[in-house]
Structures are given as structure tokens and as C-alpha cells.
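Content type compact mmCIF, C-alpha atoms, from the file entry.txt:
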```txt
# COMPACT_ATOMS: atom_id res chain seq x y z
CA MET J 5 95.64 79.65 60.55
CA THR J 6 95.08 83.38 60.13
CA LYS J 7 96.28 85.13 57.00
CA LYS J 8 99.48 87.04 57.64
CA TYR J 9 99.43 88.78 54.26
CA LYS J 10 97.29 88.92 51.14
CA LEU J 11 98.10 86.82 48.08
CA PRO J 12 96.68 87.42 44.58
CA LYS J 13 94.22 84.92 43.15
CA ILE J 14 94.74 83.07 39.86
CA GLU J 15 92.15 85.35 38.24
CA GLU J 16 94.19 88.40 39.24
CA LEU J 17 97.36 86.81 37.86
CA PHE J 18 95.54 86.20 34.57
CA GLU J 19 94.22 89.78 34.38
CA ALA J 20 97.72 91.16 35.00
CA GLY J 21 99.12 89.09 32.12
CA VAL J 22 101.45 87.03 34.29
CA HIS J 23 100.82 84.03 32.02
CA PHE J 24 102.40 85.59 28.90
CA GLY J 25 105.90 84.29 28.24
CA HIS J 26 108.44 84.99 25.51
CA GLN J 27 108.44 83.81 21.92
CA VAL J 28 108.82 80.07 21.45
CA ARG J 29 112.24 80.44 19.81
CA ARG J 30 113.56 82.41 22.82
CA TRP J 31 112.68 79.91 25.54
CA HIS J 32 114.96 78.12 28.02
CA PRO J 33 114.49 74.31 28.09
CA SER J 34 114.59 74.25 31.92
CA MET J 35 111.34 76.26 31.95
CA GLU J 36 109.43 73.49 30.18
CA LYS J 37 107.81 72.18 33.38
CA TYR J 38 106.29 75.63 34.05
CA ILE J 39 104.87 76.11 30.54
CA PHE J 40 101.22 75.21 29.91
CA THR J 41 101.12 75.57 26.11
CA ALA J 42 102.16 77.77 23.18
CA ARG J 43 99.76 80.05 21.28
CA GLY J 44 100.57 82.35 18.40
CA GLY J 45 104.27 81.58 18.76
CA ILE J 46 104.28 82.67 22.43
CA HIS J 47 104.63 80.38 25.45
CA ILE J 48 101.84 80.45 28.04
CA VAL J 49 102.86 79.95 31.66
CA ASP J 50 100.90 77.53 33.85
CA LEU J 51 99.31 79.91 36.38
CA GLU J 52 98.44 77.10 38.79
CA LYS J 53 102.16 76.45 39.25
CA THR J 54 102.81 80.19 39.45
CA ASP J 55 100.22 80.48 42.21
CA LEU J 56 101.75 77.59 44.18
CA LEU J 57 105.35 78.80 43.81
CA LEU J 58 104.38 82.39 44.64
CA LYS J 59 102.96 81.17 47.96
CA GLU J 60 106.20 79.30 48.72
CA ALA J 61 108.33 82.35 47.86
CA CYS J 62 106.16 84.66 49.97
CA GLU J 63 106.29 82.28 52.93
CA PHE J 64 110.08 82.13 52.65
CA MET J 65 110.39 85.94 52.52
CA TYR J 66 108.00 86.25 55.47
CA GLU J 67 110.10 83.87 57.61
CA VAL J 68 113.30 85.77 56.76
CA ALA J 69 111.73 89.13 57.71
CA LYS J 70 110.15 87.62 60.83
CA LYS J 71 113.66 87.02 62.19
CA GLY J 72 114.56 90.67 61.53
CA ASP J 73 117.03 89.73 58.78
CA LYS J 74 117.74 92.01 55.82
CA VAL J 75 116.33 91.56 52.32
CA ILE J 76 117.37 93.16 49.01
CA PHE J 77 115.01 93.66 46.05
CA VAL J 78 116.86 93.81 42.71
CA GLY J 79 115.30 95.12 39.49
CA THR J 80 117.12 97.39 37.05
CA LYS J 81 114.75 97.16 34.09
CA LYS J 82 113.36 100.50 32.97
CA GLN J 83 109.74 99.36 33.32
CA SER J 84 110.21 97.75 36.75
CA LYS J 85 112.79 99.84 38.66
CA GLU J 86 110.23 102.34 40.03
CA ILE J 87 107.94 99.52 41.17
CA VAL J 88 110.81 97.66 42.86
CA GLN J 89 112.01 100.80 44.67
CA ALA J 90 108.52 101.83 45.81
CA GLU J 91 107.66 98.36 47.16
CA ALA J 92 111.04 98.02 48.90
CA GLU J 93 110.65 101.36 50.65
CA ARG J 94 107.07 100.48 51.65
CA CYS J 95 107.95 97.17 53.30
CA GLY J 96 111.33 98.15 54.76
CA ALA J 97 113.58 96.15 52.42
CA HIS J 98 116.74 97.39 50.70
CA HIS J 99 116.86 97.79 46.93
CA VAL J 100 119.12 98.03 43.88
CA THR J 101 117.41 99.62 40.89
CA GLU J 102 120.17 101.33 38.90
CA ARG J 103 123.07 98.91 38.57
CA TRP J 104 124.26 96.00 40.67
CA LEU J 105 127.78 96.88 41.78
CA GLY J 106 130.16 93.94 41.53
CA GLY J 107 131.01 92.76 45.03
CA THR J 108 127.83 93.99 46.70
CA ILE J 109 127.62 90.63 48.46
CA THR J 110 130.99 88.95 47.86
CA ASN J 111 133.02 92.06 48.74
CA PHE J 112 130.59 93.80 51.05
CA SER J 113 133.28 95.54 53.15
CA VAL J 114 134.13 97.83 50.20
CA ILE J 115 130.46 98.57 49.48
CA LYS J 116 129.89 99.35 53.16
CA LYS J 117 132.63 102.01 53.01
CA ASN J 118 130.68 103.78 50.26
CA VAL J 119 127.47 103.47 52.28
CA ASP J 120 129.18 104.91 55.38
CA LYS J 121 130.65 107.72 53.29
CA LEU J 122 127.21 108.63 51.94
CA VAL J 123 125.78 108.65 55.48
CA ALA J 124 128.60 110.89 56.71
CA LEU J 125 128.16 113.36 53.83
CA LYS J 126 124.39 113.54 54.34
CA GLU J 127 124.74 114.09 58.08
CA GLY J 128 127.40 116.76 57.51
CA LYS J 129 125.15 118.59 55.07
CA ASP J 130 122.15 118.44 57.40
CA LYS J 131 124.21 119.79 60.33
CA GLY J 132 125.62 122.61 58.21
CA GLU J 133 129.22 121.47 58.52
CA PHE J 134 129.94 122.39 54.90
CA GLU J 135 128.79 126.01 55.16
CA LYS J 136 132.38 127.11 55.79
CA TYR J 137 133.43 125.70 52.40
CA THR J 138 133.38 127.67 49.15
CA LYS J 139 130.43 127.49 46.77
CA LYS J 140 132.40 125.31 44.35
CA GLU J 141 133.41 122.87 47.10
CA ARG J 142 129.81 122.57 48.29
CA LEU J 143 128.72 121.90 44.70
CA LEU J 144 131.27 119.07 44.40
CA ILE J 145 130.01 117.57 47.68
CA ASP J 146 126.40 117.70 46.40
CA ARG J 147 127.47 115.92 43.22
CA GLN J 148 129.26 113.27 45.26
CA ILE J 149 126.14 112.72 47.38
CA ALA J 150 123.98 112.39 44.25
CA LYS J 151 126.43 109.92 42.69
CA LEU J 152 126.64 107.75 45.80
CA THR J 153 122.85 107.85 46.24
CA ILE J 154 122.41 106.36 42.76
CA LYS J 155 124.97 103.65 43.46
CA VAL J 156 124.28 102.64 47.07
CA GLY J 157 121.33 104.78 48.20
CA GLY J 158 119.09 101.74 48.45
CA LEU J 159 121.53 99.97 50.77
CA LEU J 160 121.55 102.54 53.58
CA GLY J 161 121.31 100.76 56.93
CA LEU J 162 122.69 97.48 55.59
CA LYS J 163 125.47 96.43 58.01
CA LYS J 164 126.12 92.93 56.69
CA ILE J 165 125.28 90.77 53.68
CA PRO J 166 121.53 90.17 53.24
CA SER J 167 119.79 86.99 54.28
CA ALA J 168 117.72 86.85 51.08
CA VAL J 169 117.58 88.45 47.64
CA PHE J 170 114.52 88.89 45.41
CA VAL J 171 115.24 89.43 41.71
CA VAL J 172 113.11 90.54 38.79
CA ASP J 173 114.54 88.81 35.70
CA PRO J 174 117.54 86.72 36.89
CA ARG J 175 118.80 86.59 33.29
CA ARG J 176 119.43 90.33 33.38
CA GLU J 177 120.61 90.33 37.02
CA LYS J 178 122.96 87.36 36.58
CA THR J 179 125.75 89.06 38.57
CA ALA J 180 123.50 89.47 41.60
CA VAL J 181 122.38 85.83 41.36
CA SER J 182 125.98 84.60 40.98
CA GLU J 183 127.19 86.54 44.03
CA ALA J 184 124.25 85.30 46.09
CA LYS J 185 124.98 81.69 45.15
CA ILE J 186 128.71 82.09 45.98
CA SER J 187 127.82 83.52 49.42
CA GLU J 188 125.04 80.94 49.93
CA VAL J 189 122.34 83.61 50.12
CA PRO J 190 118.90 82.23 49.08
CA VAL J 191 117.41 83.79 45.94
CA ALA J 192 113.73 84.19 45.03
CA ALA J 193 112.94 85.52 41.56
CA LEU J 194 110.30 86.28 38.97
CA VAL J 195 111.46 84.10 36.06
CA ASP J 196 110.20 84.38 32.49
CA THR J 197 110.29 81.57 29.91
CA ASN J 198 113.73 82.69 28.66
CA CYS J 199 115.38 82.38 32.12
CA ASN J 200 117.20 79.48 33.77
CA PRO J 201 115.31 78.59 36.99
CA GLN J 202 117.88 76.02 38.16
CA ARG J 203 120.00 78.61 40.01
CA ILE J 204 116.97 80.09 41.78
CA ASP J 205 115.92 78.71 45.17
CA TYR J 206 112.35 80.05 44.95
CA PRO J 207 111.39 80.62 41.28
CA ILE J 208 108.09 82.30 40.38
CA PRO J 209 107.31 81.61 36.71
CA GLY J 210 105.70 84.61 35.05
CA ASN J 211 105.94 87.65 32.82
CA ASP J 212 108.83 89.86 33.92
CA ASP J 213 108.34 92.53 31.23
CA ALA J 214 104.75 93.76 31.71
CA ILE J 215 104.35 96.50 34.32
CA LYS J 216 101.09 95.05 35.70
CA SER J 217 102.63 91.60 36.09
CA VAL J 218 105.73 92.88 37.89
CA ALA J 219 103.64 95.19 40.08
CA LEU J 220 101.32 92.35 41.19
CA ILE J 221 104.15 89.94 42.04
CA MET J 222 106.21 92.64 43.77
CA LYS J 223 103.21 93.70 45.86
CA ALA J 224 102.69 90.12 47.07
CA ILE J 225 106.39 89.74 47.99
CA ALA J 226 106.49 93.17 49.68
CA ASP J 227 103.33 92.38 51.66
CA ALA J 228 104.96 89.18 52.95
CA VAL J 229 108.13 91.04 53.95
CA GLU J 230 106.14 93.83 55.60
CA ALA J 231 104.10 91.29 57.58
CA GLY J 232 107.32 89.54 58.62
CA TYR J 233 108.92 92.75 59.90
CA GLY J 234 105.67 93.56 61.68
CA ALA J 235 105.77 90.20 63.46
CA PHE J 236 109.42 90.78 64.39
CA ALA J 237 108.65 94.23 65.84
CA LYS J 238 105.76 92.76 67.85
CA SER J 239 107.98 90.00 69.25
CA GLN J 240 110.53 92.61 70.33
CA GLU J 241 107.82 94.65 72.08
CA ASP J 242 106.53 91.54 73.88
CA LEU J 243 110.08 90.73 74.99
CA GLU J 244 110.51 94.25 76.41
CA LYS J 245 107.21 93.96 78.29
CA VAL J 246 108.29 90.66 79.84
CA GLU J 247 111.61 92.17 80.92
CA LYS J 248 109.83 95.16 82.49
CA LYS J 249 107.46 92.86 84.42
CA GLU J 250 110.33 90.77 85.75
CA ALA J 251 112.37 93.77 86.91
CA PRO J 252 110.09 94.83 89.89
CA LYS J 253 109.99 91.26 91.24
CA LYS J 254 113.71 91.38 91.92
CA ASN J 255 113.35 94.64 93.89
CA THR J 256 110.49 93.39 96.09
CA SER J 257 112.78 90.81 97.74
CA ILE J 258 114.71 93.67 99.41
CA LYS J 259 111.69 95.09 101.29
CA PRO J 260 111.47 92.50 104.14
CA LYS J 261 115.09 93.23 105.09
CA THR J 262 114.45 96.97 105.45
CA GLU J 263 111.37 96.25 107.59
CA LYS J 264 113.42 94.03 109.93
CA LYS J 265 115.98 96.77 110.40
CA LYS J 266 113.27 99.25 111.35
CA VAL J 267 111.81 96.82 113.86
CA THR J 268 115.17 96.18 115.50
CA LYS J 269 115.77 99.91 115.81
CA LYS J 270 112.45 100.32 117.64
CA LYS J 271 113.30 97.44 119.98
CA THR J 272 116.69 98.90 120.85
CA GLY J 273 114.98 102.21 121.64
CA ILE J 274 112.64 100.51 124.13
CA LYS J 275 115.50 98.72 125.87
CA SER J 276 117.47 101.92 126.35
CA LYS J 277 114.41 103.63 127.93
CA LYS J 278 113.98 100.73 130.39
CA LYS J 279 117.64 100.94 131.40
CA LYS J 280 117.36 104.68 132.08
CA GLU J 281 114.21 104.17 134.18
CA GLY J 282 116.00 101.41 136.15
CA LYS J 283 118.94 103.68 136.92
CA LYS J 284 116.59 106.45 138.15
CA ASN J 285 114.84 104.03 140.53
CA ASP J 286 118.19 102.88 141.96
CA LYS J 287 119.17 106.48 142.68
CA LYS J 288 115.83 107.19 144.44
CA SER J 289 116.22 104.12 146.63
```

Can you turn what I pasted into C-alpha cells?
Amino acid sequence: MTKKYKLPKIEELFEAGVHFGHQVRRWHPSMEKYIFTARGGIHIVDLEKTDLLLKEACEFMYEVAKKGDKVIFVGTKKQSKEIVQAEAERCGAHHVTERWLGGTITNFSVIKKNVDKLVALKEGKDKGEFEKYTKKERLLIDRQIAKLTIKVGGLLGLKKIPSAVFVVDPRREKTAVSEAKISEVPVAALVDTNCNPQRIDYPIPGNDDAIKSVALIMKAIADAVEAGYGAFAKSQEDLEKVEKKEAPKKNTSIKPKTEKKKVTKKKTGIKSKKKKEGKKNDKKS
């Protein structure tokens, strides 16, 4: 089986500090099965389990993207929001990096109105439709665009609820996880030792505070999503090629009929000439 995307090795996970958990007193009992040991009052995550679960999460995200379904990356922590946004934009996923608006999944129709409004305002500005307004009115429109961009800018192009959500720190993004579970949307997440992994469909135990750790995990997930969308695009191209090849075959069946008509016309021409010649001979006789 060929590799569809690159996954980090255990050594790379170790170098990025993915194994460092929280202090022992701040742990969640449900994370016990993912903890290797405790050193210096800090839990150490079992990287072998992290490696295995990361592969499962990446495979899941790949299969979702392969179908052409939409994915949202969620990460509002100060140290991770830029990484989440950059990786989402690179692989073609949607993202929420400022604040998860209540109802983004459970009341998507309202969120979509804001998204459509932002699209309309941007298009109007690009076309110069607001040039006729006063300077103050244009300034208010610019502020409205900036405000909506912060709120729903990462959801542009999302026409229905996503098919999967990836979360950095589900403890912080509990609203996003709750809405996904209510709407039966699968959730994959980077879970630290202070998180509850029971509500996560595809948990990845690891450090969700260190920039290097978040960047490494996000890169692996984004690579899987990018490869999935690439496979989807290729399947669509192959489908178009097949349709184009089949189209001429239908037209070729018409050709024999046109040839028959031409032949009959020629035959009728010959008969008419013979009749004329016969009439001339009768007159001579």
C-alpha cells in the first residue's frame, strides 16, 4: 500500500515534546490508560499509543476528505490559533480560531446567514458598489466586514454542517465538542492529560500547550486532509474523462443512417435519368 500522506515518527513526537502532560494533581482519571508514568510531578504520555491513535485519526480525516466532505479545525488558544489557521488554509479545511459561536453546528442556518452576509459585503466592495456611499458609511461597512471576518471568516464556503471536526484541547472547546456530539458529527482531538477523552471519537493523547507539539500534530492531520481532497479531485477528473469518452460513442450511431439517405438519393437520381431516356426513345420511334 502506497503512502498517501506522511506521518511523524515516535522520535519526532518525542523531540516536539508531545509526551509532556500536565501536573499530576491536574489530571483526568479517564486519561490513565494513555499515561506511561509520572516524573517530577508531571505525567508522561505513552508515545506508542499516541503514534497508533494519530494514525487512526489521520486515516479517518483522510476518508472524510476523500469523499469531498467538509472539515472544521478548532483551536482558539493563543499559542495554537495561528498554527490551526495556517494548516486549515493549506489543506482546504475550514477553521475557527477566535471564538466558537454557539449554534455553529446545532443552529447552522443562523450562522450561514452571517457567512452569506460577509460574502455579499466583500463582493460589493470588490465591485465598487459602495463608492456612491459617504465616507462614514463606507467606514461602517469596512468595520462590519472586519467584525464578520473575525467571527465567521474561517467558515466561508461552508454550505452545511461539517462531516468532521478536529479540536485542539477539547476541555477548552467544550461547546464545539458538545454541539458536534448533539449533531452526531465525529470529533478527533489532541487531548492532554487534563482532558476527558470519553466524548472524543478519535483522541490523540499529547501535549496541547507546546507550540512544537501542536504544530507537529496539526501538520499530520492537515496532510491527511490535503491528501484526501487531492484523491477526491482526481476521482472527479477521472469521472469527467469517462463521461467525455462515452459522449462520442452515442453520436457515431447516427452516421450509418445519414449514409443510407445519401445512397437512396443517388439511386433515385439514376432511376429518373433512365425514365427520361426511355421517353426520348419512344418519341424517336

Worksheet, complete the sentence: Closest of J:Asp242, J:Glu177, J:Val68, J:Ser217 to Leu17 of chain J, counting all atoms listed in the file, is J:Ser217

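Residues with any atom within 7 Å of the point (108.7, 87.5, 32.0), counting only C-alpha atoms, are J:Gly25, J:His26, J:Val195, J:Asp196, J:Thr197, J:Gly210, J:Asn211, J:Asp212, J:Asp213.
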
Item to complete: Considering only C-alpha atoms, return as a list in words whatever protein or nucleic-acid residues lie within 12 Å of segment 125-134 of chain J, sequence-local ones (same chain, fewer than 2 positions apart) excluded.
Response: Asn118, Val119, Asp120, Lys121, Leu122, Val123, Lys136, Tyr137, Thr138, Lys139, Lys140, Glu141, Arg142, Leu143, Leu144, Ile145, Asp146, Arg147, Gln148, Ile149, Ala150, Lys151, Leu152, Thr153, Gly157 and Leu160 of chain J

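The shortest atom-to-atom distance to Glu183 of chain J, with only C-alpha atoms taken into account, belongs to J:Gly106 out of J:Gly234, J:Pro201, J:Gly106, J:Gly161.
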
Item to complete: Extract, using all atoms listed in the file, all DNA, RNA and protein residues at most 10 Å from Arg176 of chain J, discarding same-chain residues fewer than 5 positions from it, and format them as number ranges by chain.
Response: J: 79-81, 171, 181, 199

Item to complete: Do a neighbour search on Gln202 of chain J at 10 Å with all atoms listed in the file, toss out local chain neighbours closer than 5 positions, and write the hits as a list in words.
Response: Ser34, Met35 and Pro207 of chain J

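Of note, atom CA of Thr110 of chain J and atom CA of Val169 of chain J are spaced 13.4 Å apart.
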
Need to verify the contact set: Tyr233 of chain J, 7 Å, only C-alpha atoms, exclusion of same-chain residues closer than 2 positions in sequence. Can you return it as a compact mmCIF listing (two decimals) with C-alpha atoms, in the frame of the given file?
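File selection_4.txt, as written:
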```txt
# COMPACT_ATOMS: atom_id res chain seq x y z
CA ALA J 69 111.73 89.13 57.71
CA LYS J 70 110.15 87.62 60.83
CA GLY J 72 114.56 90.67 61.53
CA VAL J 229 108.13 91.04 53.95
CA GLU J 230 106.14 93.83 55.60
CA ALA J 231 104.10 91.29 57.58
CA ALA J 235 105.77 90.20 63.46
CA PHE J 236 109.42 90.78 64.39
CA ALA J 237 108.65 94.23 65.84
```

Worksheet entry | Interatomic distance (Å, one decimal) between atom CA of Ile215 of chain J and atom CA of Glu60 of chain J |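 Between these atoms lies a distance of 22.5 Å.
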
Mind checking which residues fall within 12 Å of Lys37 of chain J, counting only C-alpha atoms, ignoring those fewer than 5 positions away in the same chain, and posting them as a compact mmCIF listing (two decimals) with C-alpha atoms, keeping the file's coordinate frame?
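Output saved as out_35.txt:
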```
# COMPACT_ATOMS: atom_id res chain seq x y z
CA HIS J 32 114.96 78.12 28.02
CA HIS J 47 104.63 80.38 25.45
CA ILE J 48 101.84 80.45 28.04
CA VAL J 49 102.86 79.95 31.66
CA ASP J 50 100.90 77.53 33.85
CA LEU J 51 99.31 79.91 36.38
CA GLU J 52 98.44 77.10 38.79
CA LYS J 53 102.16 76.45 39.25
CA THR J 54 102.81 80.19 39.45
CA THR J 197 110.29 81.57 29.91
CA ASN J 200 117.20 79.48 33.77
CA PRO J 201 115.31 78.59 36.99
CA GLN J 202 117.88 76.02 38.16
CA PRO J 209 107.31 81.61 36.71
```

Practice prompt. Using all atoms listed in the file, pick whichever of J:Lys116, J:His23, J:Lys216, J:Lys71 has the shortest atom-to-atom distance to Lys163 of chain J.
Written response: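 Comparing J:Lys116, J:His23, J:Lys216, J:Lys71 against Lys163 of chain J, the winner is J:Lys116.
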
Fill in: Nearest to Lys117 of chain J by atom-to-atom distance, counting all atoms listed in the file, from J:Ala61, J:Val156, J:Ala219, J:Ala90
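Checking each candidate against Lys117 of chain J, we get J:Val156 as the closest.
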
Discussion item. To one decimal place in Å, what is the distance between atom CA of Ile186 of chain J and atom CA of Glu63 of chain J?
Written reply: 23.5 Å

Worksheet item: So, counting only C-alpha atoms, which residue among J:Leu105, J:Glu86, J:Phe170, J:Lys10 is closest to Lys74 of chain J?
Response: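 Checking each of J:Leu105, J:Glu86, J:Phe170, J:Lys10 against Lys74 of chain J, counting only C-alpha atoms, the winner is J:Phe170.
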
Some atoms are missing, so please complete segment 173-186 of chain J with N, CA and C atoms and return it as a PDB file, in the frame of the given file.
```pdb
ATOM      1  N   ASP J 173     113.768  89.199  36.879  1.00  0.00           N
ATOM      2  CA  ASP J 173     114.540  88.810  35.700  1.00  0.00           C
ATOM      3  C   ASP J 173     115.976  88.414  36.055  1.00  0.00           C
ATOM      4  N   PRO J 174     116.189  87.186  36.534  1.00  0.00           N
ATOM      5  CA  PRO J 174     117.540  86.720  36.890  1.00  0.00           C
ATOM      6  C   PRO J 174     118.487  86.633  35.704  1.00  0.00           C
ATOM      7  N   ARG J 175     117.942  86.602  34.492  1.00  0.00           N
ATOM      8  CA  ARG J 175     118.800  86.590  33.290  1.00  0.00           C
ATOM      9  C   ARG J 175     119.529  87.915  33.158  1.00  0.00           C
ATOM     10  N   ARG J 176     118.827  89.001  33.427  1.00  0.00           N
ATOM     11  CA  ARG J 176     119.430  90.330  33.380  1.00  0.00           C
ATOM     12  C   ARG J 176     120.325  90.579  34.600  1.00  0.00           C
ATOM     13  N   GLU J 177     119.884  90.102  35.756  1.00  0.00           N
ATOM     14  CA  GLU J 177     120.610  90.330  37.020  1.00  0.00           C
ATOM     15  C   GLU J 177     121.471  89.112  37.366  1.00  0.00           C
ATOM     16  N   LYS J 178     122.160  88.579  36.374  1.00  0.00           N
ATOM     17  CA  LYS J 178     122.960  87.360  36.580  1.00  0.00           C
ATOM     18  C   LYS J 178     124.109  87.569  37.575  1.00  0.00           C
ATOM     19  N   THR J 179     124.655  88.790  37.626  1.00  0.00           N
ATOM     20  CA  THR J 179     125.750  89.060  38.570  1.00  0.00           C
ATOM     21  C   THR J 179     125.257  88.966  40.006  1.00  0.00           C
ATOM     22  N   ALA J 180     124.078  89.523  40.254  1.00  0.00           N
ATOM     23  CA  ALA J 180     123.500  89.470  41.600  1.00  0.00           C
ATOM     24  C   ALA J 180     123.215  88.032  42.012  1.00  0.00           C
ATOM     25  N   VAL J 181     122.684  87.239  41.080  1.00  0.00           N
ATOM     26  CA  VAL J 181     122.380  85.830  41.360  1.00  0.00           C
ATOM     27  C   VAL J 181     123.665  85.051  41.624  1.00  0.00           C
ATOM     28  N   SER J 182     124.702  85.307  40.817  1.00  0.00           N
ATOM     29  CA  SER J 182     125.980  84.600  40.980  1.00  0.00           C
ATOM     30  C   SER J 182     126.613  84.894  42.338  1.00  0.00           C
ATOM     31  N   GLU J 183     126.610  86.163  42.728  1.00  0.00           N
ATOM     32  CA  GLU J 183     127.190  86.540  44.030  1.00  0.00           C
ATOM     33  C   GLU J 183     126.401  85.934  45.181  1.00  0.00           C
ATOM     34  N   ALA J 184     125.086  85.898  45.040  1.00  0.00           N
ATOM     35  CA  ALA J 184     124.250  85.300  46.090  1.00  0.00           C
ATOM     36  C   ALA J 184     124.533  83.813  46.233  1.00  0.00           C
ATOM     37  N   LYS J 185     124.716  83.125  45.110  1.00  0.00           N
ATOM     38  CA  LYS J 185     124.980  81.690  45.150  1.00  0.00           C
ATOM     39  C   LYS J 185     126.368  81.411  45.746  1.00  0.00           C
ATOM     40  N   ILE J 186     127.357  82.259  45.424  1.00  0.00           N
ATOM     41  CA  ILE J 186     128.710  82.090  45.980  1.00  0.00           C
ATOM     42  C   ILE J 186     128.686  82.255  47.503  1.00  0.00           C
TER      43      ILE J 186
END
```
